[in-house]
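Asks: Sharing coords02.tsv, TSV, C-alpha atoms:
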chain	number	residue	atom	x	y	z
A	1	MET	CA	-14.67	-4.15	30.54
A	2	ALA	CA	-15.14	-5.87	33.86
A	3	SER	CA	-14.65	-3.91	37.05
A	4	GLU	CA	-11.28	-4.67	38.54
A	5	PRO	CA	-8.63	-3.21	40.78
A	6	THR	CA	-5.36	-2.86	38.92
A	7	SER	CA	-2.96	-2.70	41.85
A	8	PRO	CA	-2.84	-4.48	45.22
A	9	THR	CA	-5.89	-3.52	47.26
A	10	SER	CA	-7.99	-5.05	49.99
A	11	PRO	CA	-11.78	-5.52	50.21
A	12	THR	CA	-11.90	-2.56	52.60
A	13	THR	CA	-10.04	-0.15	50.32
A	14	PRO	CA	-11.62	3.30	50.82
A	15	THR	CA	-13.27	4.93	47.85
A	16	SER	CA	-11.04	7.32	45.95
A	17	PRO	CA	-11.75	11.04	46.39
A	18	THR	CA	-13.16	13.24	43.66
A	19	ASP	CA	-11.13	16.26	44.77
A	20	ASP	CA	-8.62	17.38	47.43
A	21	HIS	CA	-11.35	17.97	50.04
A	22	GLU	CA	-12.38	14.31	50.02
A	23	ALA	CA	-8.88	12.84	50.38
A	24	THR	CA	-8.35	11.12	53.74
A	25	LYS	CA	-5.43	9.78	55.76
A	26	GLU	CA	-6.84	6.27	55.38
A	27	TRP	CA	-6.87	6.62	51.59
A	28	LEU	CA	-3.26	7.85	51.52
A	29	GLU	CA	-2.16	4.98	53.74
A	30	THR	CA	-3.86	2.53	51.36
A	31	ILE	CA	-1.86	3.96	48.45
A	32	LEU	CA	1.44	3.74	50.30
A	33	GLU	CA	0.75	0.26	51.66
A	34	GLY	CA	-0.18	-0.95	48.16
A	35	TYR	CA	3.05	0.46	46.77
A	36	HIS	CA	5.26	-1.22	49.39
A	37	ARG	CA	3.35	-4.52	49.13
A	38	SER	CA	3.96	-4.52	45.37
A	39	LYS	CA	7.69	-4.42	46.16
A	40	ASN	CA	7.62	-7.00	48.96
A	41	ALA	CA	4.35	-8.80	49.70
A	42	GLU	CA	5.74	-10.34	52.89
A	43	ALA	CA	7.18	-7.15	54.39
A	44	ASP	CA	6.24	-6.07	57.91
A	45	LEU	CA	5.31	-2.54	56.94
A	46	ASP	CA	4.14	-1.02	60.22
A	47	LEU	CA	3.33	2.04	58.10
A	48	GLU	CA	2.80	5.35	59.86
A	49	LEU	CA	1.77	8.44	57.92
A	50	ARG	CA	3.20	11.45	59.73
A	51	GLU	CA	2.67	14.50	57.53
A	52	TRP	CA	0.86	15.08	54.27
A	53	THR	CA	-0.51	17.83	52.05
A	54	ILE	CA	-3.00	17.47	49.19
A	55	ASN	CA	-3.81	20.25	46.72
A	56	PRO	CA	-5.17	20.61	43.21
A	57	ALA	CA	-2.32	20.22	40.72
A	58	SER	CA	-0.88	23.39	39.23
A	59	ALA	CA	-2.45	24.70	36.04
A	60	ASP	CA	0.29	23.34	33.76
A	61	LYS	CA	-0.57	19.76	34.78
A	62	GLU	CA	-4.31	20.02	34.27
A	63	GLY	CA	-6.23	18.67	31.32
A	64	PHE	CA	-9.76	17.80	30.36
A	65	LEU	CA	-8.99	14.06	30.51
A	66	SER	CA	-8.50	14.06	34.31
A	67	GLU	CA	-8.70	15.92	37.58
A	68	GLN	CA	-5.26	16.00	39.20
A	69	LEU	CA	-4.07	16.25	42.79
A	70	SER	CA	-0.57	17.08	43.96
A	71	MET	CA	0.37	15.20	47.14
A	72	THR	CA	3.36	15.33	49.48
A	73	VAL	CA	3.74	12.62	52.14
A	74	ASN	CA	6.18	11.92	54.96
A	75	TYR	CA	5.84	8.45	56.47
A	76	VAL	CA	7.61	5.52	58.08
A	77	ALA	CA	7.50	2.02	56.58
A	78	GLU	CA	9.62	-1.04	57.37
A	79	GLY	CA	11.45	1.02	59.97
A	80	GLU	CA	12.64	3.65	57.48
A	81	GLU	CA	11.56	7.21	56.89
A	82	HIS	CA	10.20	8.07	53.44
A	83	HIS	CA	9.36	11.33	51.68
A	84	ALA	CA	7.42	11.26	48.42
A	85	HIS	CA	5.84	13.70	45.96
A	86	LEU	CA	2.88	12.14	44.15
A	87	LEU	CA	0.46	13.11	41.40
A	88	ALA	CA	-3.02	11.56	41.42
A	89	LYS	CA	-5.11	11.46	38.23
A	90	LEU	CA	-8.88	11.10	38.78
A	91	LEU	CA	-11.91	11.03	36.49
A	92	PRO	CA	-12.85	14.56	35.37
A	93	GLN	CA	-15.77	16.11	37.21
A	94	ASP	CA	-17.21	17.87	34.17
A	95	PRO	CA	-20.06	15.53	33.07
A	96	PHE	CA	-19.27	15.75	29.34
A	97	ASN	CA	-15.53	15.14	29.77
A	98	ARG	CA	-16.19	12.38	32.29
A	99	ALA	CA	-18.52	10.57	29.88
A	100	PHE	CA	-16.00	10.99	27.06
A	101	VAL	CA	-13.14	9.50	29.10
A	102	ILE	CA	-15.25	6.55	30.26
A	103	GLU	CA	-16.58	5.84	26.76
A	104	THR	CA	-13.16	5.96	25.10
A	105	LEU	CA	-11.43	4.06	27.95
A	106	PHE	CA	-8.74	6.73	28.09
A	107	ASP	CA	-8.40	6.26	31.86
A	108	VAL	CA	-8.32	2.45	31.67
A	109	ARG	CA	-5.76	2.50	28.87
A	110	GLU	CA	-3.36	4.66	30.86
A	111	ILE	CA	-3.84	2.55	34.00
A	112	LYS	CA	-3.10	-0.58	31.97
A	113	PHE	CA	-0.04	1.07	30.49
A	114	TYR	CA	1.45	1.64	33.94
A	115	THR	CA	0.36	-1.67	35.47
A	116	GLU	CA	1.04	-4.00	32.52
A	117	ILE	CA	2.88	-2.48	29.55
A	118	LYS	CA	5.55	-0.40	31.26
A	119	PRO	CA	6.65	-3.23	33.61
A	120	GLU	CA	7.04	-5.59	30.66
A	121	LEU	CA	9.04	-3.06	28.65
A	122	GLU	CA	11.31	-2.52	31.65
A	123	GLU	CA	11.67	-6.27	32.11
A	124	VAL	CA	12.74	-6.83	28.50
A	125	GLU	CA	15.28	-4.01	28.90
A	126	ARG	CA	16.71	-5.63	32.04
A	127	LYS	CA	16.85	-9.01	30.32
A	128	TYR	CA	18.76	-7.97	27.20
A	129	LEU	CA	20.60	-4.74	28.02
A	130	THR	CA	23.57	-4.09	30.26
A	131	GLU	CA	23.27	-1.62	33.12
A	132	ASP	CA	24.87	1.15	31.06
A	133	PHE	CA	22.03	1.07	28.54
A	134	LEU	CA	19.03	0.83	30.85
A	135	SER	CA	16.62	3.74	30.40
A	136	SER	CA	16.21	5.87	33.51
A	137	SER	CA	12.95	7.59	34.37
A	138	TRP	CA	11.53	7.46	30.84
A	139	ALA	CA	8.06	7.49	32.42
A	140	PRO	CA	6.92	8.21	36.00
A	141	LYS	CA	6.97	5.47	38.63
A	142	LEU	CA	3.61	3.93	39.55
A	143	TYR	CA	2.46	4.07	43.17
A	144	TYR	CA	-1.17	2.96	42.93
A	145	ALA	CA	-3.96	2.31	40.45
A	146	LYS	CA	-7.60	1.33	40.77
A	147	HIS	CA	-10.50	1.11	38.36
A	148	LYS	CA	-14.20	0.40	38.69
A	149	GLN	CA	-16.17	0.70	35.50
A	150	ALA	CA	-17.92	4.05	35.08
A	151	SER	CA	-17.58	4.96	38.77
A	152	GLU	CA	-14.01	5.11	40.01
A	153	SER	CA	-10.65	5.53	38.36
A	154	ILE	CA	-7.41	6.62	39.95
A	155	LEU	CA	-3.78	6.57	38.95
A	156	VAL	CA	-1.11	7.73	41.42
A	157	LEU	CA	2.33	8.40	39.98
A	158	GLU	CA	5.59	9.85	41.19
A	159	ASP	CA	5.53	13.61	40.57
A	160	MET	CA	8.59	14.06	38.36
A	161	CYS	CA	8.34	17.85	38.57
A	162	GLN	CA	9.59	17.57	42.14
A	163	HIS	CA	12.76	15.89	40.83
A	164	GLY	CA	13.85	18.68	38.52
A	165	TYR	CA	11.68	17.82	35.49
A	166	GLN	CA	9.45	20.43	33.91
A	167	VAL	CA	7.12	21.06	30.98
A	168	GLU	CA	8.65	23.41	28.44
A	169	ASP	CA	6.84	26.47	27.14
A	170	LEU	CA	4.69	25.46	24.16
A	171	THR	CA	5.10	28.89	22.58
A	172	LYS	CA	8.90	28.78	22.71
A	173	GLY	CA	9.27	25.20	21.50
A	174	LEU	CA	12.06	22.77	22.31
A	175	SER	CA	15.81	23.30	22.13
A	176	GLN	CA	18.00	20.98	20.06
A	177	ASP	CA	19.20	19.21	23.22
A	178	GLN	CA	15.62	18.69	24.36
A	179	ILE	CA	14.25	17.40	21.09
A	180	LYS	CA	17.19	15.01	20.66
A	181	SER	CA	16.61	13.77	24.19
A	182	ALA	CA	12.92	13.25	23.36
A	183	ILE	CA	13.85	11.37	20.18
A	184	THR	CA	16.29	9.12	22.03
A	185	ALA	CA	13.71	8.32	24.70
A	186	LEU	CA	11.19	7.57	21.97
A	187	ALA	CA	13.59	5.30	20.07
A	188	ASN	CA	14.36	3.38	23.26
A	189	VAL	CA	10.67	2.77	24.00
A	190	HIS	CA	9.97	1.79	20.40
A	191	ALA	CA	12.91	-0.63	20.40
A	192	ALA	CA	11.84	-2.23	23.69
A	193	ALA	CA	8.36	-2.81	22.28
A	194	VAL	CA	9.79	-4.41	19.13
A	195	ALA	CA	12.04	-6.60	21.29
A	196	LEU	CA	9.08	-7.68	23.41
A	197	GLU	CA	7.28	-8.79	20.27
A	198	VAL	CA	10.22	-10.29	18.36
A	199	LYS	CA	12.48	-11.73	21.06
A	200	GLU	CA	9.79	-12.73	23.57
A	201	LYS	CA	7.27	-13.86	20.92
A	202	LYS	CA	4.51	-11.73	22.43
A	203	PRO	CA	2.24	-10.17	19.76
A	204	LEU	CA	1.48	-6.75	21.21
A	205	LYS	CA	-2.04	-6.36	19.79
A	206	GLU	CA	-3.06	-9.69	21.30
A	207	ARG	CA	-1.24	-9.15	24.56
A	208	TYR	CA	-2.73	-5.68	25.08
A	209	PRO	CA	-6.27	-5.81	23.60
A	210	TYR	CA	-7.12	-2.45	25.17
A	211	LEU	CA	-4.68	-0.53	22.95
A	212	LEU	CA	-6.39	2.24	21.01
A	213	SER	CA	-7.56	0.58	17.81
A	214	MET	CA	-6.93	2.04	14.39
A	215	GLU	CA	-10.64	2.80	13.90
A	216	GLN	CA	-10.92	4.40	17.36
A	217	ALA	CA	-7.92	6.59	16.60
A	218	VAL	CA	-9.30	7.57	13.18
A	219	GLU	CA	-12.64	8.52	14.74
A	220	SER	CA	-11.01	10.54	17.54
A	221	PHE	CA	-8.72	12.49	15.23
A	222	THR	CA	-11.44	13.05	12.62
A	223	CYS	CA	-13.75	14.48	15.31
A	224	LEU	CA	-10.89	16.74	16.38
A	225	VAL	CA	-10.54	18.12	12.84
A	226	ASP	CA	-14.32	18.48	12.43
A	227	ARG	CA	-14.33	20.62	15.56
A	228	GLY	CA	-11.16	22.65	14.99
A	229	LEU	CA	-11.22	23.30	11.25
A	230	PRO	CA	-14.30	25.60	11.20
A	231	LEU	CA	-12.78	27.55	14.08
A	232	LEU	CA	-9.52	27.99	12.18
A	233	LEU	CA	-11.22	28.92	8.89
A	234	LYS	CA	-13.26	31.55	10.72
A	235	PHE	CA	-10.09	32.94	12.33
A	236	LEU	CA	-8.33	33.07	8.94
A	237	GLU	CA	-11.05	35.32	7.48
A	238	SER	CA	-9.26	38.22	9.20
A	239	ARG	CA	-5.78	37.07	8.16
A	240	LYS	CA	-5.52	38.03	4.52
A	241	ASP	CA	-1.78	37.31	4.66
A	242	TYR	CA	-2.66	33.64	5.10
A	243	ALA	CA	-5.40	33.47	2.45
A	244	ALA	CA	-3.56	30.60	0.75
A	245	VAL	CA	-3.66	28.58	3.97
A	246	ARG	CA	-7.40	29.10	4.29
A	247	GLU	CA	-7.92	28.07	0.69
A	248	GLY	CA	-5.71	25.02	1.03
A	249	LEU	CA	-7.47	23.77	4.18
A	250	GLN	CA	-11.01	24.12	2.84
A	251	LYS	CA	-10.70	20.82	0.95
A	252	TYR	CA	-10.73	18.99	4.30
A	253	GLN	CA	-14.06	20.55	5.35
A	254	GLY	CA	-17.12	18.32	5.31
A	255	GLN	CA	-15.37	15.53	3.42
A	256	LYS	CA	-13.67	12.25	4.25
A	257	MET	CA	-10.20	13.40	3.24
A	258	ALA	CA	-9.00	13.81	6.83
A	259	ALA	CA	-10.31	10.38	7.83
A	260	ASP	CA	-8.59	8.84	4.81
A	261	VAL	CA	-5.29	10.44	5.81
A	262	PHE	CA	-5.60	9.18	9.38
A	263	ARG	CA	-6.58	5.68	8.27
A	264	LYS	CA	-3.63	5.38	5.88
A	265	VAL	CA	-1.09	6.50	8.47
A	266	LEU	CA	-2.59	4.56	11.38
A	267	THR	CA	-2.83	1.26	9.48
A	268	PRO	CA	0.03	-0.89	10.79
A	269	SER	CA	3.00	-1.43	8.49
A	270	GLU	CA	3.80	-4.74	6.81
A	271	LYS	CA	7.46	-4.32	7.86
A	272	ILE	CA	7.76	-3.07	11.43
A	273	ASN	CA	5.40	-1.80	14.11
A	274	THR	CA	5.75	-0.78	17.70
A	275	LEU	CA	3.83	0.74	20.56
A	276	VAL	CA	2.94	4.30	19.55
A	277	HIS	CA	2.26	7.02	22.12
A	278	CYS	CA	0.06	8.77	19.52
A	279	ASP	CA	0.15	12.14	21.30
A	280	TYR	CA	3.89	12.73	21.36
A	281	TRP	CA	4.45	16.46	21.58
A	282	CYS	CA	6.11	18.84	24.02
A	283	ASN	CA	3.12	19.19	26.40
A	284	ASN	CA	3.33	15.45	27.11
A	285	LEU	CA	7.06	15.52	27.79
A	286	LEU	CA	9.00	16.54	30.88
A	287	PHE	CA	12.63	17.61	30.67
A	288	LYS	CA	15.42	17.74	33.21
A	289	ASN	CA	18.12	20.04	31.89
A	290	GLY	CA	21.54	19.21	33.33
A	291	GLU	CA	25.00	20.55	32.58
A	292	GLU	CA	26.12	17.41	30.77
A	293	ARG	CA	22.86	16.00	29.42
A	294	THR	CA	19.11	16.53	29.11
A	295	ASP	CA	16.75	13.79	30.27
A	296	CYS	CA	13.23	13.28	28.93
A	297	CYS	CA	10.28	11.71	30.77
A	298	ILE	CA	7.15	10.74	28.79
A	299	ILE	CA	3.68	11.24	30.32
A	300	ASP	CA	-0.01	10.92	29.33
A	301	TRP	CA	-0.28	7.47	27.74
A	302	GLN	CA	-4.08	7.47	27.28
A	303	MET	CA	-3.88	7.02	23.50
A	304	VAL	CA	-1.17	4.36	23.28
A	305	THR	CA	-1.70	2.24	20.17
A	306	TYR	CA	0.13	-0.14	17.81
A	307	GLY	CA	1.56	1.02	14.52
A	308	ARG	CA	4.33	2.79	12.61
A	309	PRO	CA	7.08	4.39	14.70
A	310	ALA	CA	7.18	7.46	12.42
A	311	ILE	CA	3.82	8.62	13.83
A	312	ASP	CA	5.34	9.72	17.13
A	313	LEU	CA	8.39	11.17	15.41
A	314	ALA	CA	6.27	13.30	13.05
A	315	PHE	CA	4.07	14.56	15.89
A	316	LEU	CA	7.12	15.63	17.86
A	317	ILE	CA	9.07	17.35	15.10
A	318	SER	CA	6.03	19.04	13.49
A	319	THR	CA	4.53	20.49	16.67
A	320	SER	CA	7.45	21.16	18.98
A	321	LEU	CA	9.83	23.17	16.80
A	322	GLU	CA	9.60	26.60	15.22
A	323	THR	CA	9.13	26.25	11.44
A	324	GLY	CA	12.60	27.45	10.46
A	325	GLU	CA	14.22	25.15	13.01
A	326	ARG	CA	12.11	22.23	11.81
A	327	ARG	CA	13.09	22.69	8.16
A	328	LYS	CA	16.76	23.25	9.01
A	329	HIS	CA	17.17	20.30	11.36
A	330	CYS	CA	14.57	17.76	10.19
A	331	PRO	CA	17.01	15.57	8.18
A	332	ASP	CA	19.45	15.46	11.09
A	333	LEU	CA	16.66	14.63	13.53
A	334	LEU	CA	15.47	11.77	11.33
A	335	SER	CA	19.05	10.49	11.25
A	336	HIS	CA	19.25	10.83	15.03
A	337	TYR	CA	16.13	8.70	15.45
A	338	TRP	CA	17.24	6.11	12.90
A	339	GLU	CA	20.64	5.68	14.55
A	340	ALA	CA	19.14	5.53	18.07
A	341	PHE	CA	16.41	3.07	17.05
A	342	THR	CA	18.54	0.68	14.98
A	343	SER	CA	21.48	0.69	17.40
A	344	ARG	CA	19.10	-0.03	20.26
A	345	LEU	CA	17.53	-2.90	18.32
A	346	SER	CA	20.99	-4.33	17.69
A	347	LYS	CA	21.59	-4.46	21.44
A	348	TYR	CA	18.58	-6.79	21.63
A	349	GLY	CA	20.08	-8.90	18.87
A	350	ILE	CA	17.60	-7.64	16.28
A	351	GLY	CA	19.41	-6.79	13.05
A	352	LYS	CA	18.11	-4.95	9.99
A	353	GLU	CA	17.87	-8.24	8.09
A	354	SER	CA	15.20	-9.52	10.49
A	355	HIS	CA	12.69	-6.70	9.98
A	356	LYS	CA	13.45	-5.38	6.44
A	357	TYR	CA	12.66	-1.82	7.59
A	358	SER	CA	14.92	0.73	5.89
A	359	ARG	CA	15.76	4.38	6.33
A	360	GLU	CA	13.78	4.99	3.13
A	361	ASP	CA	10.74	3.32	4.71
A	362	LEU	CA	11.08	5.58	7.73
A	363	GLU	CA	11.24	8.69	5.53
A	364	ALA	CA	8.14	7.63	3.56
A	365	ASP	CA	6.19	6.90	6.74
A	366	PHE	CA	7.40	10.18	8.24
A	367	LYS	CA	6.17	12.22	5.26
A	368	ALA	CA	2.71	10.64	5.47
A	369	ALA	CA	2.63	11.09	9.25
A	370	GLN	CA	3.49	14.77	8.83
A	371	THR	CA	0.19	15.18	6.99
A	372	MET	CA	-1.56	13.56	9.93
A	373	ALA	CA	0.34	15.77	12.39
A	374	GLY	CA	-0.67	18.90	10.43
A	375	LEU	CA	-4.33	17.90	10.60
A	376	VAL	CA	-4.07	17.23	14.33
A	377	VAL	CA	-2.65	20.75	14.72
A	378	VAL	CA	-5.67	22.06	12.81
A	379	GLY	CA	-7.95	20.14	15.17
A	380	SER	CA	-6.14	21.42	18.24
A	381	VAL	CA	-5.96	25.04	17.10
A	382	ASP	CA	-7.94	26.26	20.14
A	383	ILE	CA	-4.74	25.74	22.18
A	384	ALA	CA	-3.03	28.44	20.08
A	385	LEU	CA	-5.79	30.98	19.40
A	386	GLY	CA	-5.53	34.02	21.63
A	387	PHE	CA	-1.74	33.69	21.97
A	388	PRO	CA	-0.15	35.64	19.09
A	389	ALA	CA	3.17	33.79	19.14
A	390	ARG	CA	1.42	30.40	19.12
A	391	GLU	CA	-0.93	31.55	16.37
A	392	GLU	CA	2.04	32.45	14.18
A	393	ARG	CA	3.73	29.09	14.89
A	394	VAL	CA	0.59	27.21	13.79
A	395	LEU	CA	0.03	29.32	10.69
A	396	GLU	CA	3.68	29.09	9.62
A	397	LEU	CA	3.63	25.31	10.06
A	398	LEU	CA	0.44	24.90	8.03
A	399	ALA	CA	1.67	27.30	5.33
A	400	ASP	CA	4.91	25.35	5.05
A	401	LEU	CA	3.18	21.95	4.91
A	402	LEU	CA	0.85	23.23	2.20
A	403	LYS	CA	3.71	24.80	0.25
A	404	VAL	CA	5.68	21.56	0.02
A	405	GLY	CA	2.58	19.46	-0.74
A	406	ILE	CA	2.39	17.56	2.56
A	407	LEU	CA	-1.07	18.95	3.34
Can you turn what I pasted into structure tokens?
Replies:
Amino acid sequence: MASEPTSPTSPTTPTSPTDDHEATKEWLETILEGYHRSKNAEADLDLELREWTINPASADKEGFLSEQLSMTVNYVAEGEEHHAHLLAKLLPQDPFNRAFVIETLFDVREIKFYTEIKPELEEVERKYLTEDFLSSSWAPKLYYAKHKQASESILVLEDMCQHGYQVEDLTKGLSQDQIKSAITALANVHAAAVALEVKEKKPLKERYPYLLSMEQAVESFTCLVDRGLPLLLKFLESRKDYAAVREGLQKYQGQKMAADVFRKVLTPSEKINTLVHCDYWCNNLLFKNGEERTDCCIIDWQMVTYGRPAIDLAFLISTSLETGERRKHCPDLLSHYWEAFTSRLSKYGIGKESHKYSREDLEADFKAAQTMAGLVVVGSVDIALGFPAREERVLELLADLLKVGIL
């Protein structure tokens, strides 16, 4: 991919920092000027940065795919005072993780999501929906983005945690209000993507060639299982109460079964497809819990791809609920998604007769995607090991999926 800036910059744009010690006033001013110019290119900014703090992001925002900085700025622009909380995502400093991110284009894909995909989804919403139905804060606001191949990558977003949003405890799982909010947000994004393709005649795979391809996704998830499954099988040697789980999972070791599952689920449908987050679970969701409603904000779009909407739904329900809650409420949650998705499509003028996708199709896709979600949990088991409550959640999920023949 050619080197290119992905938001308004000038030839003298200072190089992005690698950590909080390298961040400068000039660099912050460049970010803020770029943001205001994107809103009004002709504005007389007369920008003055008055106060700022830059620190490493808190532990709950960190990940191996990026280094993150938390920034607070007070400044004047266009004669008005502004106060902003920002989150900057930089290339990881660990050499292995850095090489992985560059090779897989995870950083580029997320930058492109915020600079190209998200604005077009918002535009199609504004074009076809009334004000009452416009999605609010379903993903953070972009302030600045820049990419130079293999050397520099930065994404600066509004820090939603400073506006009352927070990551929920992975061990506890999501409440019913939270998971329904996450499903509604998901259905709205899925519907906007379908509308962009159907109403605006813009084939998404052609329009966004950088989307994670099916083969790239299969390879990534298969590598995850190849890494996590031996670790889990070793752990299960001491858990005689889960001997059946260990026995059931052994068939995926050293064979192509996992890859075949991923390939089947990730192959686009012949009936309906949408943009798929492909990592849709509680750690990539922020919630704002109010008295009357719960809002959901979706983050970490590095793996966005094109495919069946049930993939995201299965990831969410399988990983973010305690097993008993999942079994009890799964039918209702599928109904909640179906109603939210189809009613949203109807607001774009897209009826069921135009896509031929039925509730039965959703259920079949969901069942297959649950198998994929279970294998991803196996591959990500290192997140749970060492935390007894998380270990039990994982083992109960896998035991249940094996019992009912999904795994």
Asks: Kindly list the centre and edge lengths in Å, rounded to one decimal, for the axis-aligned box that covers all listed atoms of region 72-82 of chain A plus 5 Å on each of its six sides, as lines of an AutoDock Vina configuration file.
Replies:
center_x = 8.0
center_y = 7.1
center_z = 54.7
size_x = 19.3
size_y = 26.4
size_z = 20.5
Asks: Tell me, counting only C-alpha atoms, for each residue of region 118-216 of chain A within 6 Å of region 86-91 of chain A, which pair of atoms is nearest and how far apart they are in Å to one decimal, in rows ordered by chain and increasing number, as CSV.
Replies:
residue,atom,partner,partner_atom,distance
A:Ser153,CA,A:Leu90,CA,5.9
A:Ile154,CA,A:Leu90,CA,4.9
A:Leu155,CA,A:Lys89,CA,5.1
A:Val156,CA,A:Ala88,CA,4.3
A:Leu157,CA,A:Leu87,CA,5.3
A:Glu158,CA,A:Leu86,CA,4.6
A:Asp159,CA,A:Leu86,CA,4.7
Asks: For Glu353 (chain A), which residue out of A:Leu249, A:Ala259, A:Leu224, A:Ile272 is the nearest one, using all atoms listed in the file?
Replies: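 The answer is A:Ile272, which sits nearest to Glu353 (chain A).
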Asks: Write out as a PyMOL selection string the residues lying within 6 Å of region 329-337 of chain A, counting only C-alpha atoms and excluding same-chain residues fewer than 4 positions away.
Replies: chain A and resi 183+325+341
Asks: Return the single residue from A:Pro203, A:Gly349, A:Pro140, A:Gly164 that is closest to Thr294 (chain A), with distances computed using only C-alpha atoms.
Replies: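 Of A:Pro203, A:Gly349, A:Pro140, A:Gly164, the one nearest Thr294 (chain A), counting only C-alpha atoms, is A:Gly164.
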Asks: Looking at only C-alpha atoms, which of A:Arg37, A:Arg263, A:Arg239, A:Arg50 is the one that sits closest to Glu215 (chain A)?
Replies: A:Arg263
Asks: Figure out the distance between CA of Tyr75 (chain A) and CA of Tyr144 (chain A), please, to one decimal in Å.
Replies: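 Those two atoms sit 16.2 Å apart.
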Asks: Between CA of Arg390 (chain A) and CA of Thr171 (chain A), what is the distance, to one decimal in Å?
Replies: 5.3 Å
Asks: Thr184 (chain A): which residues within 10 Å, counting all atoms listed in the file, same-chain residues fewer than 4 positions away excluded, as a list in words?
Replies: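 The residues satisfying every condition are Ser135, Gln178, Ile179, Lys180, Asn188, Val189, His190, Asp295, Cys296, His336, Tyr337, Trp338, Glu339, Ala340, Phe341 and Arg344 of chain A.
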